[in-house]
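protein38.txt (compact mmCIF, C-alpha atoms) appears below.
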# COMPACT_ATOMS: atom_id res chain seq x y z
CA PRO A 224 -204.15 102.70 87.04
CA ALA A 225 -201.04 102.29 84.88
CA ALA A 226 -201.69 105.65 83.22
CA VAL A 227 -202.15 107.37 86.59
CA ALA A 228 -198.95 105.78 87.89
CA ASN A 229 -197.12 107.11 84.83
CA LEU A 230 -198.21 110.72 85.27
CA HIS A 231 -195.25 113.07 84.89
CA ALA A 232 -194.79 116.76 84.14
CA ASP A 233 -192.44 115.93 81.25
CA HIS A 234 -194.89 113.69 79.37
CA TRP A 235 -196.48 116.38 77.20
CA ASP A 236 -194.82 114.99 74.08
CA LYS A 237 -196.04 111.47 74.82
CA ALA A 238 -199.57 112.77 75.30
CA ALA A 239 -199.37 114.75 72.05
CA ARG A 240 -198.32 111.62 70.18
CA ALA A 241 -201.00 109.49 71.82
CA ILE A 242 -203.85 111.55 70.35
CA MET A 243 -202.52 111.55 66.76
CA THR A 244 -204.54 109.91 63.98
CA THR A 245 -203.61 110.94 60.42
CA ASP A 246 -201.26 113.57 61.89
CA THR A 247 -197.66 113.26 60.75
CA PHE A 248 -196.12 115.06 63.74
CA ALA A 249 -196.97 115.87 67.34
CA LYS A 250 -198.22 119.39 67.99
CA GLY A 251 -197.36 121.40 71.09
CA ALA A 252 -196.65 124.92 72.30
CA SER A 253 -195.68 126.52 75.59
CA THR A 254 -194.99 129.94 77.02
CA VAL A 255 -194.24 131.63 80.36
CA VAL A 256 -195.65 135.02 81.32
CA GLU A 257 -195.16 137.14 84.43
CA ILE A 258 -198.13 137.82 86.68
CA ALA A 259 -197.22 140.30 89.42
CA GLY A 260 -193.58 139.37 88.97
CA ARG A 261 -194.22 135.63 89.26
CA PRO A 262 -193.96 133.12 86.39
CA VAL A 263 -197.11 131.51 85.02
CA THR A 264 -196.80 128.71 82.46
CA ILE A 265 -199.27 127.90 79.69
CA THR A 266 -198.72 124.70 77.72
CA GLY A 267 -200.92 123.04 75.12
CA ILE A 268 -201.11 120.14 72.70
CA SER A 269 -203.44 119.59 69.77
CA LYS A 270 -204.38 116.97 67.21
CA GLY A 271 -205.93 117.34 63.79
CA ALA A 272 -205.06 116.98 60.12
CA GLY A 273 -208.36 116.40 58.32
CA MET A 274 -212.08 117.07 58.76
CA ILE A 275 -211.16 120.48 60.13
CA GLN A 276 -213.85 123.20 60.18
CA PRO A 277 -216.68 123.97 60.52
CA ASN A 278 -217.22 123.52 64.28
CA MET A 279 -213.56 122.60 64.74
CA ALA A 280 -214.38 119.00 63.64
CA THR A 281 -211.91 116.18 64.39
CA MET A 282 -209.68 118.51 66.35
CA LEU A 283 -208.54 117.97 69.92
CA GLY A 284 -206.88 120.65 71.98
CA PHE A 285 -205.71 120.39 75.60
CA ILE A 286 -204.19 123.45 77.26
CA ALA A 287 -203.08 123.69 80.88
CA THR A 288 -201.76 126.44 83.10
CA ASP A 289 -200.60 126.78 86.69
CA ALA A 290 -202.35 130.15 86.95
CA ASN A 291 -204.78 130.91 89.75
CA ILE A 292 -207.93 132.03 87.96
CA GLU A 293 -211.66 131.56 88.51
CA GLN A 294 -213.43 129.04 86.26
CA THR A 295 -215.90 131.43 84.64
CA LEU A 296 -213.11 133.82 83.70
CA LEU A 297 -211.03 130.91 82.40
CA GLN A 298 -213.92 129.82 80.16
CA GLU A 299 -214.29 133.36 78.82
CA CYS A 300 -210.57 133.41 78.06
CA LEU A 301 -210.71 130.09 76.19
CA SER A 302 -213.84 130.99 74.23
CA ASN A 303 -212.26 134.21 72.99
CA ALA A 304 -208.98 132.45 72.15
CA ALA A 305 -210.68 129.58 70.30
CA GLU A 306 -212.71 131.99 68.19
CA LEU A 307 -209.51 133.66 66.99
CA SER A 308 -207.58 130.44 66.43
CA PHE A 309 -209.28 127.05 66.09
CA ASN A 310 -212.32 128.70 64.51
CA ARG A 311 -210.10 130.50 61.98
CA ILE A 312 -208.64 127.42 60.29
CA THR A 313 -209.91 124.94 57.73
CA VAL A 314 -208.33 121.94 56.02
CA ASP A 315 -211.27 120.67 53.99
CA GLY A 316 -214.49 122.31 55.14
CA ASP A 317 -215.76 119.08 56.69
CA THR A 318 -216.84 118.30 60.24
CA SER A 319 -217.52 115.45 62.66
CA THR A 320 -218.94 114.88 66.12
CA ASN A 321 -215.88 114.56 68.35
CA ASP A 322 -214.07 117.88 68.60
CA ALA A 323 -212.88 119.21 71.97
CA CYS A 324 -210.90 122.13 73.32
CA VAL A 325 -210.13 122.21 77.04
CA LEU A 326 -208.29 124.73 79.22
CA LEU A 327 -207.31 123.60 82.72
CA ALA A 328 -205.90 125.70 85.57
CA SER A 329 -204.16 124.09 88.55
CA ALA A 330 -203.53 127.28 90.61
CA CYS A 331 -200.11 125.83 91.52
CA SER A 332 -198.23 129.00 90.59
CA ASP A 333 -197.06 131.40 93.29
CA ALA A 334 -198.62 134.25 91.33
CA PRO A 335 -201.70 135.95 92.83
CA GLU A 336 -205.17 135.23 91.52
CA ILE A 337 -205.96 136.69 88.12
CA THR A 338 -209.20 138.68 88.12
CA ALA A 339 -211.10 140.44 85.36
CA ASP A 340 -210.41 143.94 86.68
CA THR A 341 -206.60 143.61 86.73
CA PRO A 342 -204.11 144.26 83.88
CA GLU A 343 -202.74 140.76 84.46
CA TYR A 344 -205.86 139.27 82.90
CA ALA A 345 -205.08 140.90 79.55
CA VAL A 346 -201.53 139.53 79.72
CA PHE A 347 -202.78 136.04 80.54
CA ALA A 348 -205.56 136.09 77.93
CA ASP A 349 -203.15 137.25 75.23
CA ALA A 350 -200.78 134.39 76.07
CA VAL A 351 -203.59 131.81 75.89
CA THR A 352 -204.62 133.20 72.50
CA ARG A 353 -201.04 132.99 71.23
CA ILE A 354 -200.78 129.36 72.31
CA CYS A 355 -204.10 128.52 70.63
CA LYS A 356 -203.07 130.30 67.43
CA ARG A 357 -199.79 128.38 67.35
CA LEU A 358 -201.54 125.04 67.86
CA ALA A 359 -204.10 125.94 65.18
CA GLU A 360 -201.36 126.86 62.71
CA LEU A 361 -199.60 123.55 63.34
CA ILE A 362 -202.83 121.74 62.42
CA ILE A 363 -202.92 123.52 59.06
CA ARG A 364 -199.22 122.87 58.44
CA ASP A 365 -200.01 119.19 58.93
CA GLY A 366 -203.23 119.18 56.90
CA GLU A 367 -203.85 115.86 55.17
CA GLY A 368 -201.72 115.84 52.03
CA ALA A 369 -200.96 119.56 52.40
CA THR A 370 -197.99 121.05 50.59
CA LYS A 371 -198.70 124.74 51.26
CA LEU A 372 -199.84 126.99 54.11
CA ILE A 373 -202.22 129.68 52.86
CA ARG A 374 -203.26 132.79 54.80
CA ILE A 375 -206.50 134.36 53.62
CA ALA A 376 -206.69 137.96 54.87
CA VAL A 377 -209.89 139.88 54.17
CA GLU A 378 -209.65 143.62 54.74
CA GLN A 379 -211.97 146.61 54.42
CA ALA A 380 -215.07 144.57 55.30
CA LEU A 381 -218.13 146.13 56.92
CA ASP A 382 -217.68 144.02 60.06
CA ASN A 383 -215.72 141.04 61.36
CA ASN A 384 -218.43 138.50 60.56
CA GLU A 385 -218.43 139.60 56.93
CA ALA A 386 -214.64 139.35 56.75
CA VAL A 387 -214.67 135.84 58.22
CA ARG A 388 -217.46 134.73 55.87
CA VAL A 389 -215.54 135.86 52.78
CA ALA A 390 -212.26 134.40 54.03
CA LYS A 391 -213.82 131.02 54.80
CA THR A 392 -215.61 130.88 51.45
CA ILE A 393 -212.25 131.25 49.73
CA ALA A 394 -210.52 128.85 52.12
CA HIS A 395 -213.20 126.16 51.70
CA SER A 396 -213.22 126.29 47.90
CA PRO A 397 -211.92 123.02 46.33
CA LEU A 398 -211.18 124.91 43.11
CA VAL A 399 -209.08 127.49 44.94
CA LYS A 400 -207.28 124.84 46.97
CA THR A 401 -206.45 122.65 43.95
CA ALA A 402 -205.18 125.71 42.09
CA PHE A 403 -202.78 126.38 44.94
CA PHE A 404 -201.58 122.77 44.82
CA ALA A 405 -200.87 123.21 41.10
CA SER A 406 -199.17 126.58 41.78
CA ASP A 407 -201.69 128.07 39.34
CA PRO A 408 -202.30 131.84 39.86
CA ASN A 409 -205.95 131.48 38.90
CA TRP A 410 -207.32 134.81 40.12
CA GLY A 411 -210.77 134.06 38.68
CA ARG A 412 -211.34 131.23 41.16
CA ILE A 413 -210.51 133.48 44.10
CA LEU A 414 -212.72 136.30 42.81
CA ALA A 415 -215.58 133.85 42.17
CA ALA A 416 -215.36 132.66 45.79
CA VAL A 417 -215.56 136.26 47.00
CA GLY A 418 -218.62 136.76 44.83
CA ARG A 419 -220.53 133.80 46.25
CA ALA A 420 -219.75 134.57 49.90
CA GLY A 421 -223.23 136.05 50.41
CA VAL A 422 -222.18 139.66 50.94
CA GLU A 423 -225.09 141.97 50.20
CA ASN A 424 -224.62 144.98 47.94
CA MET A 425 -220.99 144.21 47.24
CA ALA A 426 -219.39 146.65 44.80
CA LEU A 427 -217.34 144.58 42.37
CA ASP A 428 -215.39 147.57 41.13
CA LYS A 429 -213.96 148.18 44.62
CA ILE A 430 -212.45 144.72 45.10
CA GLU A 431 -208.68 144.24 45.13
CA ILE A 432 -206.91 140.88 45.49
CA TYR A 433 -203.22 140.31 46.15
CA LEU A 434 -201.01 137.22 46.02
CA GLY A 435 -198.32 138.20 48.46
CA THR A 436 -197.50 141.77 47.37
CA VAL A 437 -198.58 141.16 43.76
CA CYS A 438 -201.88 142.82 42.84
CA ILE A 439 -203.82 140.36 40.69
CA VAL A 440 -207.30 141.96 40.80
CA GLU A 441 -207.96 145.68 40.73
CA ASN A 442 -211.34 147.41 40.39
CA GLY A 443 -212.97 143.97 40.23
CA ALA A 444 -210.97 142.77 37.21
CA ARG A 445 -207.49 141.60 36.32
CA SER A 446 -204.98 144.25 37.32
CA PRO A 447 -203.42 145.98 34.28
CA ALA A 448 -200.00 145.68 35.94
CA TYR A 449 -200.34 141.96 36.67
CA THR A 450 -198.16 139.44 34.87
CA GLU A 451 -198.35 135.65 35.00
CA GLN A 452 -194.66 135.57 35.90
CA ASP A 453 -195.26 137.67 39.03
CA GLY A 454 -198.18 135.49 40.07
CA GLN A 455 -196.27 132.29 39.40
CA ARG A 456 -193.36 133.45 41.54
CA VAL A 457 -195.68 133.79 44.55
CA MET A 458 -197.59 130.56 43.87
CA ASN A 459 -194.37 128.56 43.84
CA GLN A 460 -193.79 129.42 47.51
CA ALA A 461 -194.63 127.04 50.37
CA GLU A 462 -196.39 129.80 52.35
CA ILE A 463 -198.70 132.23 50.59
CA THR A 464 -200.79 135.16 51.77
CA VAL A 465 -203.92 136.08 49.83
CA THR A 466 -205.23 139.54 50.67
CA VAL A 467 -208.73 140.59 49.63
CA ARG A 468 -209.80 144.22 50.05
CA LEU A 469 -213.55 144.71 49.80
CA GLY A 470 -213.61 148.51 49.97
CA ARG A 471 -216.59 148.50 52.36
CA GLY A 472 -215.25 149.30 55.82
CA ALA A 473 -212.37 148.85 58.29
CA ALA A 474 -212.84 145.27 59.57
CA ARG A 475 -210.11 142.68 59.01
CA GLU A 476 -209.96 138.94 59.69
CA GLU A 477 -207.58 136.13 58.73
CA VAL A 478 -208.23 132.44 58.08
CA LEU A 479 -205.55 129.77 57.63
CA THR A 480 -205.97 126.94 55.16
CA CYS A 481 -203.93 124.58 53.00
CA ASP A 482 -204.01 123.21 49.46
CA PHE A 483 -205.73 120.04 48.18
CA SER A 484 -203.25 117.52 46.83
CA TYR A 485 -203.43 114.02 45.37
CA ASP A 486 -202.44 112.72 48.81
CA TYR A 487 -205.55 114.23 50.42
CA VAL A 488 -207.71 112.08 48.16
CA ARG A 489 -205.51 109.02 48.77
CA ILE A 490 -205.52 109.39 52.56
CA ASN A 491 -209.30 109.68 52.72
CA ALA A 492 -210.01 107.09 50.02
CA GLU A 493 -207.88 104.54 51.87
CA TYR A 494 -208.86 105.66 55.40
CA ARG A 495 -210.65 102.43 56.40
CA THR A 496 -207.99 100.16 54.94

Show me, as structure tokens, the structure contained in the file I just sent.
Amino acid sequence: PAAVANLHADHWDKAARAIMTTDTFAKGASTVVEIAGRPVTITGISKGAGMIQPNMATMLGFIATDANIEQTLLQECLSNAAELSFNRITVDGDTSTNDACVLLASACSDAPEITADTPEYAVFADAVTRICKRLAELIIRDGEGATKLIRIAVEQALDNNEAVRVAKTIAHSPLVKTAFFASDPNWGRILAAVGRAGVENMALDKIEIYLGTVCIVENGARSPAYTEQDGQRVMNQAEITVTVRLGRGAAREEVLTCDFSYDYVRINAEYRT
């Protein structure tokens, strides 16, 4: 009863803080889009810092909108958005039993109903995806003990599933993640992860890997133009993009992850105390 009595439209921040566990900051995002000239608001909060991916894991996400939209269409919108956001992040490759992602619609906006056969649906769906991607990125930025945000972009894959599989294999690798914590441009660890991703008939001599704009692997081996100084300059940054080109097709996917630091071990070793 006390919680119901305290309901207020301005309490998003309090709600975001209430669901925190090992999080170090509250996570929220909001946007307003026009539907037939009328404003529609989409606001969300999320929680998560460890045991993130596979299956979302100990992540909570609550998104609400005042749009007028039918439930089945709303579910389709959320499923697509979650696949491109919360299912494209990993902190430690671990999972649990209590993840949730919810999208609620109150229909309180003056905007007309959003239906699948109208251009407004694409506008609304894109906005929901942007909110989910922002919340997912905040989870990675707050990964347990994380010091770096790492974007793993896999290009020239045969299909999207293959690109995601390779990206997640790299992102889950403890050896890759500890190398990033040490700012060590260890291209062999990244290439090894690509090799064990389970891609059939992969041509090693077609693979290229970049740290930022620095080519570290070319034709499946260390790039002749690569220098440790160039690699070190990128690895010293707080945000790093790793691009892997497989030379197999046109599909591209991106996965966000973070490094493994001493604090990750400390947080989880001392979790019960």

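Atom CA of Ile393 of chain A to atom CA of Arg374 of chain A spans 10.4 Å [interatomic distance, one decimal].
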
Please indicate the distance in Å from atom CA of Glu378 of chain A to atom CA of Glu476 of chain A, rounded to one decimal place.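 About the pair atom CA of Glu378 of chain A and atom CA of Glu476 of chain A: they are 6.8 Å apart.
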
Two-atom distance - atom CA of Glu343 of chain A, atom CA of Phe309 of chain A (Å):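 Taking atom CA of Glu343 of chain A and atom CA of Phe309 of chain A, their separation equals 23.8 Å.
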
Spatial sel., origin (-208.3, 134.4, 75.8), limit 10 Å, only C-alpha atoms, listed as a count of residues only: 24

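Proximity to Ala249 of chain A at 12 Å, evaluated using only C-alpha atoms and with sequence-adjacent residues fewer than 4 positions away removed, yields Trp235, Asp236, Lys237, Ala238, Ala239, Arg240, Ala241, Ile242, Met243, Thr244, Thr245, Gly267, Ile268, Ser269, Lys270, Gly271, Ala272, Gly284, Leu358, Leu361, Ile362, Arg364 and Asp365 of chain A.
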
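With only C-alpha atoms as the atoms that count, the residue of A:His395, A:Arg468, A:Arg456, A:Arg311 with the shortest distance to Arg419 of chain A is A:His395.
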
Using all atoms listed in the file, the residue out of A:Ile413, A:Gly472, A:Lys400, A:Ala420 with shortest distance to Ala444 of chain A is A:Ile413
